[in-house]
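*Asks:* Coordinates in target-v5.txt, compact mmCIF, C-alpha atoms, are listed below.
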```txt
# COMPACT_ATOMS: atom_id res chain seq x y z
CA MET A 1 0.00 0.00 0.00
CA GLY A 2 2.87 2.34 0.66
CA ASP A 3 4.07 2.05 -2.97
CA SER A 4 1.24 4.27 -4.17
CA MET A 5 2.26 7.18 -1.97
CA THR A 6 2.80 10.44 -3.80
CA ASN A 7 5.95 12.32 -2.91
CA ALA A 8 5.59 15.68 -1.20
CA GLY A 9 5.14 18.63 -3.54
CA GLN A 10 3.69 16.66 -6.49
CA VAL A 11 0.01 17.64 -6.10
CA GLY A 12 -1.00 19.79 -9.05
CA ILE A 13 -4.75 20.22 -8.50
CA PHE A 14 -6.85 19.67 -5.38
CA LEU A 15 -10.62 20.08 -5.05
CA GLU A 16 -12.74 19.69 -1.91
CA LEU A 17 -16.53 20.02 -2.17
CA ARG A 18 -18.56 20.31 1.06
CA LYS A 19 -22.11 19.05 0.53
CA ARG A 20 -23.63 20.41 3.74
CA LEU A 21 -21.96 23.81 3.49
CA GLN A 22 -22.56 24.01 -0.28
CA SER A 23 -19.03 25.31 -0.74
CA GLY A 24 -15.85 24.29 -2.48
CA LEU A 25 -12.09 24.85 -2.34
CA LEU A 26 -9.87 24.58 -5.42
CA VAL A 27 -6.09 24.60 -4.97
CA LEU A 28 -3.71 24.91 -7.92
CA GLY A 29 -0.07 24.00 -7.50
CA SER A 30 2.48 26.58 -8.54
CA GLU A 31 3.51 24.58 -11.63
CA VAL A 32 -0.10 24.37 -12.81
CA ALA A 33 -1.15 27.93 -11.92
CA GLY A 34 1.87 29.75 -13.28
CA SER A 35 1.53 33.50 -12.78
CA PRO A 36 -1.20 34.40 -10.23
CA ALA A 37 -2.09 37.47 -12.26
CA GLU A 38 -3.03 35.33 -15.26
CA ALA A 39 -4.92 32.60 -13.34
CA ARG A 40 -8.69 32.70 -12.99
CA VAL A 41 -11.50 30.17 -12.61
CA THR A 42 -14.95 30.17 -14.18
CA ALA A 43 -17.88 27.75 -14.16
CA GLY A 44 -18.62 25.67 -17.23
CA GLU A 45 -21.34 23.11 -17.84
CA SER A 46 -20.64 20.32 -15.32
CA CYS A 47 -17.01 21.44 -15.06
CA LEU A 48 -14.60 24.05 -13.76
CA LEU A 49 -12.66 26.07 -16.33
CA VAL A 50 -9.19 27.05 -15.11
CA HIS A 51 -7.51 29.74 -17.20
CA THR A 52 -3.72 29.88 -16.76
CA ALA A 53 -0.69 31.03 -18.73
CA ARG A 54 -0.27 27.40 -19.83
CA GLY A 55 -3.73 27.24 -21.37
CA LEU A 56 -7.32 26.34 -20.52
CA LEU A 57 -7.90 23.42 -18.16
CA SER A 58 -11.34 21.80 -17.89
CA LEU A 59 -12.04 19.89 -14.66
CA LYS A 60 -15.10 17.65 -14.76
CA LEU A 61 -17.33 17.85 -11.67
CA PRO A 62 -19.06 14.86 -10.04
CA PRO A 63 -22.63 14.21 -11.30
CA GLY A 64 -25.32 16.34 -9.67
CA ILE A 65 -22.95 19.15 -8.61
CA SER A 66 -22.73 22.57 -10.25
CA VAL A 67 -20.81 25.72 -9.36
CA THR A 68 -22.44 29.13 -8.98
CA GLN A 69 -21.07 31.45 -11.62
CA ASP A 70 -19.19 34.52 -10.35
CA SER A 71 -18.84 33.01 -6.85
CA PHE A 72 -15.09 32.43 -7.10
CA VAL A 73 -12.91 34.20 -4.54
CA GLN A 74 -9.12 33.93 -4.74
CA THR A 75 -7.76 33.71 -1.19
CA SER A 76 -4.02 33.49 -1.90
CA GLY A 77 -1.70 34.13 -4.76
CA GLN A 78 1.96 34.93 -4.17
CA PRO A 79 4.32 34.15 -7.08
CA GLY A 80 5.67 30.61 -6.79
CA GLU A 81 2.99 29.53 -4.30
CA GLU A 82 -0.29 27.65 -4.48
CA LEU A 83 -3.44 29.44 -5.61
CA HIS A 84 -6.60 28.92 -3.51
CA PHE A 85 -10.07 29.61 -4.90
CA ARG A 86 -13.26 29.34 -2.84
CA MET A 87 -16.65 28.94 -4.47
CA ARG A 88 -20.33 28.21 -3.87
CA ILE A 89 -21.80 24.98 -5.20
CA THR A 90 -25.29 23.62 -5.80
CA ILE A 91 -26.11 19.95 -5.25
CA ASP A 92 -28.99 18.18 -6.94
CA GLN A 93 -31.20 16.96 -4.09
CA ASN A 94 -32.33 13.99 -6.19
CA ILE A 95 -28.82 12.62 -6.61
CA ASP A 96 -28.46 9.04 -5.37
CA GLU A 97 -25.70 8.85 -2.78
CA LYS A 98 -23.85 5.57 -2.48
CA PRO A 99 -24.32 4.02 0.96
CA CYS A 100 -21.54 3.29 3.40
CA TRP A 101 -22.63 -0.10 4.75
CA ASP A 102 -21.67 -0.99 8.29
CA VAL A 103 -21.60 -4.76 8.77
CA MET A 104 -22.42 -4.32 12.47
CA GLU A 105 -25.71 -2.63 11.59
CA ARG A 106 -26.78 -5.26 9.04
CA LEU A 107 -26.54 -8.45 11.09
CA ARG A 108 -29.99 -9.88 11.81
CA VAL A 109 -31.37 -12.71 13.93
CA GLN A 110 -32.64 -15.91 12.32
CA GLU A 111 -30.55 -15.41 9.18
CA THR A 112 -27.73 -17.69 8.08
CA TYR A 113 -24.24 -16.17 7.93
CA SER A 114 -20.73 -17.31 7.13
CA PHE A 115 -17.49 -15.68 8.31
CA THR A 116 -14.63 -15.65 5.79
CA CYS A 117 -10.95 -14.72 6.12
CA GLN A 118 -10.62 -11.39 4.32
CA ALA A 119 -7.03 -12.09 3.31
CA CYS A 120 -7.45 -15.42 1.53
CA GLY A 121 -11.18 -16.11 1.30
CA THR A 122 -11.17 -19.28 3.42
CA ARG A 123 -14.53 -19.90 5.04
CA LEU A 124 -13.89 -19.92 8.78
CA LEU A 125 -17.35 -20.25 10.34
CA GLN A 126 -20.21 -21.67 8.34
CA ASP A 127 -24.00 -21.55 8.58
CA ARG A 128 -24.22 -19.49 11.77
CA VAL A 129 -27.80 -18.60 12.74
CA PHE A 130 -28.11 -16.19 15.65
CA ARG A 131 -31.02 -16.02 18.06
CA ARG A 132 -29.61 -12.83 19.58
CA VAL A 133 -27.45 -10.06 18.07
CA LEU A 134 -26.58 -7.67 20.89
CA PRO A 135 -24.23 -4.68 21.22
CA LEU A 136 -21.61 -4.72 23.95
CA PRO A 137 -21.24 -1.64 26.21
CA ASN A 138 -19.29 1.37 25.05
CA GLY A 139 -15.51 0.83 24.93
CA ASN A 140 -15.06 3.24 27.86
CA TRP A 141 -17.67 1.62 30.09
CA ASN A 142 -15.18 0.23 32.62
CA ALA A 143 -13.72 3.71 33.18
CA LEU A 144 -17.20 5.09 33.87
CA VAL A 145 -18.29 2.49 36.44
CA ASP A 146 -16.94 4.59 39.34
CA ASP A 147 -19.33 7.36 38.31
CA TRP A 148 -22.28 4.98 38.22
CA CYS A 149 -21.71 3.06 41.46
CA CYS A 150 -21.33 4.20 45.07
CA HIS A 151 -19.68 0.88 46.00
CA PRO A 152 -16.75 -1.14 44.56
CA ASP A 153 -16.97 -2.08 40.89
CA PRO A 154 -19.36 -5.08 40.71
CA PHE A 155 -18.12 -5.94 37.21
CA ALA A 156 -14.39 -5.99 37.99
CA ASN A 157 -13.92 -9.74 37.53
CA LEU A 158 -16.76 -10.44 35.14
CA LYS A 159 -16.64 -10.92 31.37
CA LEU A 160 -19.53 -10.36 28.99
CA LEU A 161 -19.58 -13.56 26.93
CA PRO A 162 -21.98 -14.88 24.29
CA ARG A 163 -24.30 -17.77 24.95
CA PRO A 164 -24.79 -20.46 22.28
CA GLU A 165 -26.31 -18.90 19.13
CA ASP A 166 -25.39 -15.38 20.29
CA CYS A 167 -23.44 -12.72 18.43
CA LEU A 168 -22.14 -9.88 20.60
CA LEU A 169 -20.93 -6.74 18.84
CA GLY A 170 -18.00 -4.69 20.14
CA ASP A 171 -16.91 -1.44 18.55
CA SER A 172 -14.45 -3.25 16.27
CA TYR A 173 -15.03 -6.97 16.78
CA PHE A 174 -17.50 -9.83 17.04
CA LEU A 175 -17.75 -12.12 20.09
CA LEU A 176 -18.92 -15.54 18.96
CA PRO A 177 -19.21 -19.00 20.56
CA SER A 178 -16.74 -21.46 19.04
CA ASP A 179 -17.72 -24.87 17.76
CA SER A 180 -16.03 -28.08 16.64
CA GLY A 181 -15.60 -26.76 13.10
CA CYS A 182 -13.23 -24.06 14.30
CA ARG A 183 -10.47 -26.63 14.81
CA ASP A 184 -10.36 -27.23 11.05
CA THR A 185 -10.09 -23.56 10.02
CA LEU A 186 -8.43 -21.69 12.91
CA THR A 187 -5.14 -22.03 14.78
CA GLN A 188 -4.29 -20.78 18.26
CA GLU A 189 -1.06 -19.39 19.71
CA VAL A 190 -0.45 -18.14 23.26
CA GLN A 191 1.24 -14.72 23.57
CA GLU A 192 2.24 -12.53 26.51
CA LEU A 193 0.95 -8.97 26.76
CA THR A 194 2.23 -6.00 28.73
CA ASP A 195 0.38 -3.04 30.20
CA THR A 196 1.62 0.54 30.10
CA VAL A 197 2.13 2.18 33.47
CA ASP A 198 -0.08 5.22 34.12
CA GLY A 199 1.63 8.45 33.13
CA ASP A 200 4.09 6.83 30.71
CA ILE A 201 2.43 5.82 27.49
CA HIS A 202 5.25 4.17 25.58
CA GLU A 203 8.29 3.48 27.71
CA THR A 204 7.76 1.78 31.04
CA LYS A 205 5.77 -1.44 31.00
CA LYS A 206 4.76 -4.03 33.53
CA PRO A 207 3.96 -7.74 33.07
CA CYS A 208 0.35 -8.31 32.20
CA ARG A 209 -1.60 -11.31 30.99
CA ARG A 210 -1.47 -13.91 28.30
CA ARG A 211 -3.78 -14.08 25.36
CA THR A 212 -4.52 -16.76 22.80
CA VAL A 213 -4.20 -15.36 19.28
CA ILE A 214 -6.54 -16.74 16.62
CA SER A 215 -5.18 -17.08 13.07
CA CYS A 216 -6.43 -18.40 9.74
CA GLN A 217 -5.14 -21.93 9.22
CA SER A 218 -4.82 -21.37 5.46
CA CYS A 219 -2.85 -18.10 5.30
CA SER A 220 -1.79 -17.47 8.95
CA SER A 221 -3.45 -14.03 9.01
CA ARG A 222 -4.25 -12.99 12.56
CA LEU A 223 -7.98 -12.63 13.00
CA GLY A 224 -8.51 -12.03 16.73
CA GLU A 225 -8.17 -13.97 19.96
CA ALA A 226 -9.81 -16.65 22.08
CA VAL A 227 -11.30 -14.76 25.04
CA THR A 228 -12.11 -18.12 26.67
CA PRO A 229 -11.75 -21.67 25.34
CA ASP A 230 -15.35 -21.39 24.10
CA THR A 231 -15.43 -17.77 22.88
CA LEU A 232 -13.91 -16.22 19.76
CA LYS A 233 -13.13 -12.54 19.30
CA LEU A 234 -12.87 -11.74 15.57
CA TYR A 235 -11.95 -8.23 14.39
CA VAL A 236 -14.32 -6.68 11.88
CA THR A 237 -11.31 -5.61 9.77
CA GLU A 238 -10.07 -9.20 9.33
CA VAL A 239 -13.21 -11.15 8.36
CA GLU A 240 -15.98 -10.74 5.83
CA VAL A 241 -19.53 -11.69 6.69
CA SER A 242 -21.87 -13.03 4.02
CA ARG A 243 -25.39 -14.33 3.90
CA GLU A 244 -26.42 -17.83 2.85
CA ASP A 245 -26.64 -16.68 -0.80
CA GLY A 246 -22.98 -15.54 -0.68
CA ASP A 247 -23.76 -11.80 -0.70
CA SER A 248 -21.32 -9.88 1.53
CA ILE A 249 -23.08 -7.59 4.02
CA GLY A 250 -20.01 -5.43 4.61
CA GLY A 251 -20.24 -3.61 1.31
CA ALA A 252 -16.66 -4.22 0.10
CA ARG A 253 -16.01 -6.93 -2.44
CA ARG A 254 -12.96 -9.15 -1.99
CA THR A 255 -10.83 -9.84 -5.06
CA SER A 256 -12.05 -12.95 -6.84
CA GLU A 257 -9.83 -15.94 -7.55
CA GLY A 258 -9.58 -14.89 -11.20
CA GLU A 259 -7.92 -11.65 -10.16
CA GLY A 260 -5.02 -13.27 -8.34
CA GLN A 261 -2.38 -10.63 -8.97
CA GLU A 262 -0.73 -9.04 -5.96
CA THR A 263 -1.81 -5.52 -6.96
CA ASP A 264 -5.45 -6.65 -7.13
CA ARG A 265 -5.27 -8.25 -3.68
CA CYS A 266 -3.61 -5.13 -2.28
CA ALA A 267 -6.29 -2.84 -3.74
CA SER A 268 -9.02 -5.16 -2.46
CA ARG A 269 -7.54 -5.13 1.04
CA CYS A 270 -7.16 -1.33 0.95
CA ALA A 271 -10.79 -0.90 -0.09
CA PHE A 272 -12.10 -3.32 2.53
CA LEU A 273 -10.09 -1.83 5.39
CA GLU A 274 -10.79 1.77 4.44
CA ARG A 275 -14.55 1.39 4.05
CA THR A 276 -14.99 -0.90 7.03
CA LEU A 277 -13.28 1.55 9.36
CA ALA A 278 -15.00 4.55 7.76
CA ALA A 279 -18.37 2.90 8.36
CA ARG A 280 -17.48 2.25 12.01
CA LEU A 281 -16.31 5.84 12.56
CA LEU A 282 -19.48 7.19 10.93
CA GLU A 283 -21.74 4.96 13.03
CA LEU A 284 -20.02 5.79 16.32
CA SER A 285 -19.99 9.52 15.59
CA SER A 286 -23.66 9.63 14.59
CA SER A 287 -25.06 7.31 17.29
CA GLN A 288 -22.83 8.27 20.23
CA SER A 289 -21.46 11.70 19.23
CA ILE A 290 -17.92 10.34 19.39
CA PHE A 291 -15.39 12.18 17.23
CA ARG A 292 -12.01 11.40 18.81
CA PHE A 293 -10.62 7.87 18.64
CA SER A 294 -7.53 6.13 19.95
CA ILE A 295 -6.59 3.32 17.57
CA GLN A 296 -4.87 0.82 19.82
CA THR A 297 -3.87 -2.81 20.13
CA ALA A 298 -4.96 -5.41 22.71
CA ASP A 299 -2.23 -4.24 25.12
CA GLN A 300 -3.96 -0.82 25.23
CA ARG A 301 -1.06 0.89 23.51
CA ALA A 302 -2.18 3.73 21.24
CA HIS A 303 -0.83 3.63 17.69
CA ILE A 304 -2.89 6.37 16.03
CA LEU A 305 -5.00 9.22 17.38
CA LEU A 306 -7.91 10.11 15.06
CA TRP A 307 -10.13 13.17 15.13
CA LEU A 308 -13.13 13.07 12.78
CA LEU A 309 -13.76 16.59 11.43
CA ASN A 310 -16.48 16.09 8.82
CA SER A 311 -18.07 13.39 6.68
CA ASP A 312 -19.69 15.42 3.88
CA SER A 313 -16.68 16.06 1.62
CA LEU A 314 -15.93 15.02 -1.93
CA VAL A 315 -12.13 15.15 -2.28
CA LEU A 316 -10.45 14.95 -5.69
CA TRP A 317 -6.94 15.61 -6.94
CA ALA A 318 -4.57 15.32 -9.91
CA PRO A 319 -0.76 15.01 -9.76
CA GLU A 320 1.52 17.83 -10.83
CA GLU A 321 2.87 15.85 -13.75
CA ALA A 322 -0.60 15.53 -15.34
CA ASP A 323 -0.82 16.95 -18.88
CA VAL A 324 -2.77 20.21 -18.69
CA ALA A 325 -3.58 20.08 -22.38
CA ASP A 326 -5.38 16.76 -21.89
CA SER A 327 -7.50 18.09 -18.98
CA PRO A 328 -6.48 15.40 -16.47
CA SER A 329 -9.14 13.51 -14.55
CA LEU A 330 -9.39 14.21 -10.85
CA ARG A 331 -9.44 11.22 -8.52
CA PRO A 332 -9.92 10.59 -4.79
CA PRO A 333 -6.89 10.52 -2.44
CA SER A 334 -7.11 6.74 -2.04
CA PRO A 335 -5.19 3.89 -3.71
CA SER A 336 -8.34 1.74 -3.52
CA GLN A 337 -10.83 4.14 -5.09
CA SER A 338 -11.37 4.80 -8.78
CA ASP A 339 -14.79 6.46 -8.58
CA ALA A 340 -14.36 10.23 -8.91
CA ALA A 341 -17.59 10.90 -6.99
CA ALA A 342 -16.52 9.10 -3.81
CA GLY A 343 -17.32 10.66 -0.45
CA ALA A 344 -14.65 11.02 2.20
CA LEU A 345 -14.15 11.48 5.92
CA LYS A 346 -11.80 14.34 6.81
CA LEU A 347 -9.55 13.33 9.70
CA LEU A 348 -6.83 14.79 11.86
CA TYR A 349 -4.37 12.16 13.06
CA VAL A 350 -1.21 11.64 15.06
CA ASP A 351 1.22 8.77 14.51
CA CYS A 352 2.07 7.79 18.08
CA SER A 353 5.13 5.75 17.11
CA ALA A 354 6.68 8.80 15.41
CA SER A 355 6.08 10.95 18.50
CA GLU A 356 8.25 9.10 21.03
CA ASP A 357 11.12 11.61 20.74
CA ASP A 358 8.87 14.68 20.53
CA ARG A 359 8.01 16.04 23.97
CA SER A 360 5.03 18.12 22.85
CA GLN A 361 3.61 15.18 20.90
CA LYS A 362 4.04 12.90 23.92
CA GLU A 363 2.14 15.40 26.04
CA LEU A 364 -0.63 15.47 23.44
CA ILE A 365 -0.87 11.68 23.46
CA THR A 366 -0.92 11.61 27.27
CA ASP A 367 -3.72 14.19 27.28
CA TRP A 368 -5.78 12.09 24.86
CA GLU A 369 -5.19 8.93 26.90
CA ARG A 370 -6.55 10.61 30.04
CA THR A 371 -9.63 12.12 28.36
CA VAL A 372 -12.82 10.08 28.77
CA SER A 373 -14.33 11.49 25.56
CA VAL A 374 -11.57 9.79 23.54
CA HIS A 375 -12.96 6.46 22.36
CA PRO A 376 -10.64 3.42 22.23
CA LEU A 377 -10.88 1.36 19.05
CA GLU A 378 -8.99 -1.93 19.27
CA LEU A 379 -7.37 -3.42 16.15
CA PRO A 380 -4.55 -5.88 15.40
CA GLN A 381 -1.11 -4.31 15.24
CA THR A 382 -0.67 -5.14 11.54
CA THR A 383 -3.99 -3.44 10.79
CA CYS A 384 -2.91 -0.34 12.72
CA LEU A 385 0.14 -0.14 10.44
CA GLU A 386 -2.02 -0.65 7.34
CA LEU A 387 -4.35 2.14 8.45
CA LEU A 388 -1.41 4.45 9.06
CA ARG A 389 -0.13 3.79 5.52
CA LEU A 390 -3.56 4.60 4.10
CA LEU A 391 -3.68 7.85 6.05
CA THR A 392 -0.18 8.96 5.06
CA THR A 393 -0.97 8.13 1.43
CA SER A 394 -4.05 10.35 1.56
CA THR A 395 -2.01 13.12 3.22
CA SER A 396 0.50 13.04 0.37
CA CYS A 397 -2.37 13.75 -2.06
CA LEU A 398 -3.02 17.11 -0.36
CA PRO A 399 -1.29 20.38 -1.28
CA PRO A 400 1.60 21.07 1.14
CA SER A 401 -0.30 23.95 2.79
CA LEU A 402 -3.18 21.64 3.75
CA ARG A 403 -1.26 18.64 5.09
CA ARG A 404 -1.00 19.76 8.71
CA CYS A 405 -3.21 21.46 11.28
CA ASP A 406 -1.18 22.44 14.35
CA ALA A 407 0.22 19.20 15.83
CA TYR A 408 -1.93 16.97 13.62
CA GLN A 409 -1.62 15.64 10.11
CA VAL A 410 -4.66 15.84 7.82
CA GLY A 411 -5.91 12.68 6.13
CA TRP A 412 -8.95 11.21 4.40
CA GLN A 413 -10.86 7.95 4.22
CA THR A 414 -13.23 7.28 1.35
CA THR A 415 -16.70 6.07 2.31
CA ALA A 416 -18.75 5.47 -0.86
CA LEU A 417 -18.73 2.11 -2.61
CA ALA A 418 -17.25 1.64 -6.05
```
Would you write out, as structure tokens, the structure that this file holds?
*Replies:*
Amino acid sequence: MGDSMTNAGQVGIFLELRKRLQSGLLVLGSEVAGSPAEARVTAGESCLLVHTARGLLSLKLPPGISVTQDSFVQTSGQPGEELHFRMRITIDQNIDEKPCWDVMERLRVQETYSFTCQACGTRLLQDRVFRRVLPLPNGNWNALVDDWCCHPDPFANLKLLPRPEDCLLGDSYFLLPSDSGCRDTLTQEVQELTDTVDGDIHETKKPCRRRTVISCQSCSSRLGEAVTPDTLKLYVTEVEVSREDGDSIGGARRTSEGEGQETDRCASRCAFLERTLAARLLELSSSQSIFRFSIQTADQRAHILLWLLNSDSLVLWAPEEADVADSPSLRPPSPSQSDAAAGALKLLYVDCSASEDDRSQKELITDWERTVSVHPLELPQTTCLELLRLLTTSTSCLPPSLRRCDAYQVGWQTTALA
């Protein structure tokens, strides 16, 4: 996934359209804009017309979106720098928006489901019919017990486990009862975990507990852990869920066996991971008003801090080397997305691993860790690294002036389905 990253300074054209605000921002790189005095933007039919010293550039707009003529305001324009143009847009209210399916919201009782390894397609759990599909408490619920109870925590030594034919839904995982068929598709390995000591997020650690890691027997991909000998914890980013007819309910299609090239598998994985996490962030923000997330592993170590800013953007770009004469097509800042009308989540993020030698960044991470409104989202370590690569790739598709906001980097995750 990292191979698709654009090097800094190579973004030629960037366009962000805000559907709720009915506004847009167009940024032209210095190589594309040329002289600020000769650059101007007008509205064409279903396109933006950019007039520069190099010629006329026509940028096609997504279907259902038009720009108000004479609404363009140039907000910067020093020689050798980017040019920023703000504008008003109109959105056709009848336009069909592509849904962002959340697998957690689509599971139903008394329907037959199968759980498949997302990496290789091996069917892990077959013909599961649930009598109950229940959400687990909020990820911060243990920290809030002291506020609820006037006596010692009554849940301190209790685990919430599924009964037979139950499916319990965490923020980023399924809790399922295991059966005899699991021995043929899953492997188990015992690992030791460590806990971070309060007040020191990354350095000092103390011995903790052991966990039993669950992996796919076919490809060895890590899928989750065995909470008890009879209970499986499978991360939503590592498995696909499909109905009896084979239709995936997660909304992202895995590469078929006929598309066995490595690039196809990589793009399929990127698309699945990006849209699965985007759907989870959207659901948690809309249902629980949660906008700050700590992406962490099972040892409660934060890898990425995420701040969801908005979810109504269409973000498109073209590289600096694009041929102006050919009116290059704009595309989303995602290696997995080819649909120019894709929606995106705008995120601020901090790479915790890159902040260990930065005192101010460490203080920021400590502050987030101690804030109850920050929501923990647990993922496998390899998936945390994959997510970080996706975010840094999207950051590289932004003009240099828009890549940072104070101590945070700016990134995007596409939400619409191709």
*Asks:* Nearest to A:Glu38: which of A:Leu15, A:Leu402, A:Leu83, A:Leu387 is it, counting all atoms listed in the file?
*Replies:*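 Between A:Leu15, A:Leu402, A:Leu83, A:Leu387, the residue approaching A:Glu38 most closely is A:Leu83.
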*Asks:* Using only C-alpha atoms for the distances, tell me which of A:Ser401, A:Thr231, A:Ala53, A:His303 is nearest to A:Ser76.
*Replies:*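 Ranked by minimum distance to A:Ser76, first place goes to A:Ser401.
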*Asks:* Determine, counting only C-alpha atoms, which protein, DNA and RNA residues have an atom within 9 Å of an atom of A:Leu305; residues of the same chain fewer than 4 positions away are not included. Present the result as a list in words.
*Replies:*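 Once the nearby chain positions are removed, what remains is Arg292, Phe293, Ser294, Ile295, Gln296, Leu348, Tyr349, Val350, Asp351, Cys352, Ile365 and Trp368 of chain A.
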*Asks:* For a quick check of your reading of the model, name the residues lying within 12 Å of the coordinate (-19.3, 3.9, 18.6), counting only C-alpha atoms, and write them as an MDAnalysis selection string.
*Replies:* chainID A and resid 102 104:105 135:141 169:173 277:293 373:378
*Asks:* Would you output that residue set with C-alpha atoms, as a CSV table (one decimal), in the coordinates of the input?
*Replies:*
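Final output, saved to selection.csv:
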```
chain,number,residue,atom,x,y,z
A,102,ASP,CA,-21.7,-1.0,8.3
A,104,MET,CA,-22.4,-4.3,12.5
A,105,GLU,CA,-25.7,-2.6,11.6
A,135,PRO,CA,-24.2,-4.7,21.2
A,136,LEU,CA,-21.6,-4.7,24.0
A,137,PRO,CA,-21.2,-1.6,26.2
A,138,ASN,CA,-19.3,1.4,25.0
A,139,GLY,CA,-15.5,0.8,24.9
A,140,ASN,CA,-15.1,3.2,27.9
A,141,TRP,CA,-17.7,1.6,30.1
A,169,LEU,CA,-20.9,-6.7,18.8
A,170,GLY,CA,-18.0,-4.7,20.1
A,171,ASP,CA,-16.9,-1.4,18.6
A,172,SER,CA,-14.4,-3.2,16.3
A,173,TYR,CA,-15.0,-7.0,16.8
A,277,LEU,CA,-13.3,1.6,9.4
A,278,ALA,CA,-15.0,4.6,7.8
A,279,ALA,CA,-18.4,2.9,8.4
A,280,ARG,CA,-17.5,2.2,12.0
A,281,LEU,CA,-16.3,5.8,12.6
A,282,LEU,CA,-19.5,7.2,10.9
A,283,GLU,CA,-21.7,5.0,13.0
A,284,LEU,CA,-20.0,5.8,16.3
A,285,SER,CA,-20.0,9.5,15.6
A,286,SER,CA,-23.7,9.6,14.6
A,287,SER,CA,-25.1,7.3,17.3
A,288,GLN,CA,-22.8,8.3,20.2
A,289,SER,CA,-21.5,11.7,19.2
A,290,ILE,CA,-17.9,10.3,19.4
A,291,PHE,CA,-15.4,12.2,17.2
A,292,ARG,CA,-12.0,11.4,18.8
A,293,PHE,CA,-10.6,7.9,18.6
A,373,SER,CA,-14.3,11.5,25.6
A,374,VAL,CA,-11.6,9.8,23.5
A,375,HIS,CA,-13.0,6.5,22.4
A,376,PRO,CA,-10.6,3.4,22.2
A,377,LEU,CA,-10.9,1.4,19.0
A,378,GLU,CA,-9.0,-1.9,19.3
```
*Asks:* Work out how far apart atom CA of A:Arg211 and atom CA of A:Val133 are and give it in Å to one decimal.
*Replies:*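 Calculated distance between atom CA of A:Arg211 and atom CA of A:Val133 is 25.1 Å.
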*Asks:* Select, from A:Val129, A:Gln413, A:Val103, A:Cys266, the residue with the minimum atom-to-atom distance to A:Asp312, counting all atoms listed in the file.
*Replies:* A:Gln413
*Asks:* Please measure the separation of atom CA of A:Pro62 and atom CA of A:Leu308, giving the value in Å to one decimal.
*Replies:*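 Atom CA of A:Leu308 lies at a distance of 23.6 Å from atom CA of A:Pro62.
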*Asks:* With distances taken over all atoms listed in the file, which of A:Gly224, A:Gly343, A:Gly24, A:Pro319 is nearest to A:Arg88?
*Replies:*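 Under the stated criterion, the closest residue is A:Gly24.
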*Asks:* Please compute the atom CA of A:Ser311-atom CA of A:Leu57 distance, one decimal, in Å.
*Replies:*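 Between atom CA of A:Ser311 and atom CA of A:Leu57 the gap is 28.7 Å.
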*Asks:* Within 8 Å of A:Ala43, counting all atoms listed in the file, which residues qualify if same-chain residues fewer than 6 places away don't, as a PyMOL selection string?
*Replies:* chain A and resi 49+67-70
*Asks:* Export C-alpha atoms of the chosen residues as a PDB file, in the frame of the given file?
*Replies:*
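Output below, filename selection_3.pdb:
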```pdb
ATOM      1  CA  LEU A  49     -12.660  26.070 -16.330  1.00  0.00           C
ATOM      2  CA  VAL A  67     -20.810  25.720  -9.360  1.00  0.00           C
ATOM      3  CA  THR A  68     -22.440  29.130  -8.980  1.00  0.00           C
ATOM      4  CA  GLN A  69     -21.070  31.450 -11.620  1.00  0.00           C
ATOM      5  CA  ASP A  70     -19.190  34.520 -10.350  1.00  0.00           C
TER       6      ASP A  70
END
```
*Asks:* For A:Arg123, which residue out of A:Ser218, A:Gln110, A:Gln300, A:Thr383 is the nearest one, using all atoms listed in the file?
*Replies:*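 Using all atoms listed in the file, A:Arg123 sits closest to A:Ser218.
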*Asks:* Quick one: of A:Thr297, A:Thr90, A:Ser114, A:Gln409, who's nearest to A:Leu379, counting only C-alpha atoms?
*Replies:*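 Using only C-alpha atoms, the shortest distance to A:Leu379 belongs to A:Thr297.
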*Asks:* Counting all atoms listed in the file, select every polymer residue within 6 Å of (-6.1, 23.8, -5.8) as defined in the file's coordinates, and provide the selection as a PyMOL selection string.
*Replies:* chain A and resi 13-15+26-28+84
*Asks:* Keeping only C-alpha atoms, write the selected residues as a short mmCIF file (atom, residue, chain, number, x, y, z; two decimals), in the frame of the given file.
*Replies:*
```cif
data_model
loop_
_atom_site.label_atom_id
_atom_site.label_comp_id
_atom_site.auth_asym_id
_atom_site.auth_seq_id
_atom_site.Cartn_x
_atom_site.Cartn_y
_atom_site.Cartn_z
CA ILE A 13 -4.75 20.22 -8.50
CA PHE A 14 -6.85 19.67 -5.38
CA LEU A 15 -10.62 20.08 -5.05
CA LEU A 26 -9.87 24.58 -5.42
CA VAL A 27 -6.09 24.60 -4.97
CA LEU A 28 -3.71 24.91 -7.92
CA HIS A 84 -6.60 28.92 -3.51
#
```
